[in-house]
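Asker: So that you have it, the file is structure11.cif, and it contains mmCIF, C-alpha atoms; chains and numbers go by the auth columns:
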data_start
loop_
_atom_site.group_PDB
_atom_site.id
_atom_site.type_symbol
_atom_site.label_atom_id
_atom_site.label_comp_id
_atom_site.label_asym_id
_atom_site.label_seq_id
_atom_site.Cartn_x
_atom_site.Cartn_y
_atom_site.Cartn_z
_atom_site.B_iso_or_equiv
_atom_site.auth_seq_id
_atom_site.auth_asym_id
ATOM 1 C CA MET A 1 86.348 199.864 35.002 0.00 246 A
ATOM 2 C CA ARG A 2 89.583 200.319 33.026 0.00 247 A
ATOM 3 C CA VAL A 3 91.042 203.784 32.562 0.00 248 A
ATOM 4 C CA ILE A 4 93.078 204.453 29.423 0.00 249 A
ATOM 5 C CA ALA A 5 94.942 207.739 28.960 0.00 250 A
ATOM 6 C CA ILE A 6 95.656 209.029 25.463 0.00 251 A
ATOM 7 C CA LEU A 7 98.758 211.143 24.828 0.00 252 A
ATOM 8 C CA LEU A 8 98.474 212.903 21.471 0.00 253 A
ATOM 9 C CA ALA A 9 101.936 213.399 19.991 0.00 254 A
ATOM 10 C CA ALA A 10 101.222 213.104 16.257 0.00 255 A
ATOM 11 C CA GLY A 11 100.947 216.783 15.344 0.00 256 A
ATOM 12 C CA SER A 12 103.148 218.291 12.671 0.00 257 A
ATOM 13 C CA SER A 13 104.334 221.178 14.935 0.00 258 A
ATOM 14 C CA THR A 14 104.404 223.566 11.962 0.00 259 A
ATOM 15 C CA ARG A 15 104.162 226.726 14.102 0.00 260 A
ATOM 16 C CA PHE A 16 106.855 225.438 16.468 0.00 261 A
ATOM 17 C CA GLY A 17 109.217 224.792 13.540 0.00 262 A
ATOM 18 C CA ARG A 18 110.282 221.274 14.581 0.00 263 A
ATOM 19 C CA GLU A 19 108.911 218.269 16.436 0.00 264 A
ATOM 20 C CA LYS A 20 107.592 219.884 19.603 0.00 265 A
ATOM 21 C CA MET A 21 107.182 216.620 21.505 0.00 266 A
ATOM 22 C CA LEU A 22 110.877 215.854 20.951 0.00 267 A
ATOM 23 C CA ALA A 23 112.048 219.277 22.160 0.00 268 A
ATOM 24 C CA LEU A 24 114.098 219.016 25.338 0.00 269 A
ATOM 25 C CA TYR A 25 113.024 220.432 28.665 0.00 270 A
ATOM 26 C CA LYS A 26 115.310 219.848 31.637 0.00 271 A
ATOM 27 C CA GLY A 27 117.255 217.325 29.584 0.00 272 A
ATOM 28 C CA LYS A 28 114.268 215.193 28.590 0.00 273 A
ATOM 29 C CA ALA A 29 111.857 215.258 25.630 0.00 274 A
ATOM 30 C CA LEU A 30 108.518 216.964 26.324 0.00 275 A
ATOM 31 C CA PHE A 31 106.556 213.820 25.505 0.00 276 A
ATOM 32 C CA ALA A 32 108.680 211.865 28.019 0.00 277 A
ATOM 33 C CA HIS A 33 107.669 214.264 30.810 0.00 278 A
ATOM 34 C CA ALA A 34 103.988 213.770 29.971 0.00 279 A
ATOM 35 C CA LEU A 35 104.393 210.012 29.556 0.00 280 A
ATOM 36 C CA ASP A 36 106.222 209.668 32.876 0.00 281 A
ATOM 37 C CA ALA A 37 103.397 211.495 34.655 0.00 282 A
ATOM 38 C CA LEU A 38 100.722 209.331 33.036 0.00 283 A
ATOM 39 C CA CYS A 39 102.589 206.084 33.729 0.00 284 A
ATOM 40 C CA ALA A 40 103.092 207.089 37.366 0.00 285 A
ATOM 41 C CA ALA A 41 99.378 207.655 37.952 0.00 286 A
ATOM 42 C CA ALA A 42 98.048 204.636 39.816 0.00 287 A
ATOM 43 C CA CYS A 43 94.506 205.193 38.525 0.00 288 A
ATOM 44 C CA ILE A 44 95.563 204.730 34.858 0.00 289 A
ATOM 45 C CA ASP A 45 95.571 201.162 33.556 0.00 290 A
ATOM 46 C CA GLU A 46 97.093 201.834 30.121 0.00 291 A
ATOM 47 C CA VAL A 47 98.603 204.757 28.220 0.00 292 A
ATOM 48 C CA LEU A 48 98.002 205.000 24.487 0.00 293 A
ATOM 49 C CA VAL A 49 100.517 207.296 22.753 0.00 294 A
ATOM 50 C CA VAL A 50 99.554 208.447 19.263 0.00 295 A
ATOM 51 C CA VAL A 51 102.624 209.460 17.221 0.00 296 A
ATOM 52 C CA ASN A 52 103.385 210.397 13.620 0.00 297 A
ATOM 53 C CA PRO A 53 105.459 208.180 11.295 0.00 298 A
ATOM 54 C CA ARG A 54 108.611 210.299 11.828 0.00 299 A
ATOM 55 C CA PHE A 55 108.549 209.764 15.587 0.00 300 A
ATOM 56 C CA PRO A 56 111.562 207.709 16.754 0.00 301 A
ATOM 57 C CA THR A 57 110.771 204.337 18.270 0.00 302 A
ATOM 58 C CA PRO A 58 110.885 204.748 22.038 0.00 303 A
ATOM 59 C CA PRO A 59 111.925 201.990 24.429 0.00 304 A
ATOM 60 C CA PRO A 60 108.995 199.797 25.520 0.00 305 A
ATOM 61 C CA ARG A 61 107.257 200.633 28.761 0.00 306 A
ATOM 62 C CA PRO A 62 104.835 198.602 30.815 0.00 307 A
ATOM 63 C CA ARG A 63 101.163 199.573 30.386 0.00 308 A
ATOM 64 C CA CYS A 64 102.095 201.760 27.408 0.00 309 A
ATOM 65 C CA ARG A 65 101.242 201.283 23.728 0.00 310 A
ATOM 66 C CA PHE A 66 102.436 203.410 20.800 0.00 311 A
ATOM 67 C CA VAL A 67 100.183 203.803 17.754 0.00 312 A
ATOM 68 C CA VAL A 68 101.296 205.496 14.499 0.00 313 A
ATOM 69 C CA ASN A 69 98.810 207.891 12.917 0.00 314 A
ATOM 70 C CA PRO A 70 99.818 208.415 9.285 0.00 315 A
#
Taking this structure as input, can you express it in the form of structure tokens?

Answerer:
Amino acid sequence: MRVIAILLAAGSSTRFGREKMLALYKGKALFAHALDALCAAACIDEVLVVVNPRFPTPPPRPRCRFVVNP
């Protein structure tokens, strides 16, 4: 059985006031912390990251796919 994790990062962050997933924590974007943890999990075969159209294009990662949700 394949296990696919979904990281939802397409919200508008209106209450936060700016792109929450791009906010820095310990020098790294919040979404990067979550993505690192998911990619490090041996039981996960693929990570699907759902982003909005304004999300900057991240560098490619193995077992990771970015999908734009308009």

Asker: Using only C-alpha atoms, which of the listed residues (A:Arg260, A:Lys271, A:Arg310, A:Lys265) sits closest to Glu291 of chain A?

Answerer: A:Arg310

Asker: Any idea what's packed within 8 Å of Leu252 of chain A, counting only C-alpha atoms, ignoring anything in its chain fewer than 4 positions away? Could you give it as a PyMOL selection string?

Answerer: chain A and resi 279-280+292-295

Asker: Report the distance between atom CA of Val313 of chain A and atom CA of Gly272 of chain A in Å, rounded to one decimal place.

Answerer: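 The value is 24.9 Å.
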
Asker: Which neighbours of Val248 of chain A fall inside 12 Å, counting only C-alpha atoms, when residues of the same chain fewer than 5 positions from it are skipped, and could you give them as a PyMOL selection string?

Answerer: chain A and resi 283-284+286-293+308

Asker: Between atom CA of Ala285 of chain A and atom CA of Ala254 of chain A, measure the distance and give it in Å to one decimal.

Answerer: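 Separating atom CA of Ala285 of chain A from atom CA of Ala254 of chain A is a distance of 18.5 Å.
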
Asker: Quick one: pull the distance between atom CA of Phe311 of chain A and atom CA of Tyr270 of chain A, Å, one decimal.

Answerer: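 Interatomic distance, atom CA of Phe311 of chain A to atom CA of Tyr270 of chain A: 21.5 Å.
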
Asker: Translate the PyMOL selection byres ((chain A and resi 255) around 10), as applied to the file shown, into an explicit residue set as a ChimeraX atom specification.

Answerer: /A:252-254,256-258,264-266,294-300,312-315

Asker: For Pro301 of chain A, which of A:Ala282, A:Phe261, A:Ala277, A:Leu267 is the closest residue, counting all atoms listed in the file?

Answerer: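 Result for the nearest residue to Pro301 of chain A: A:Leu267.
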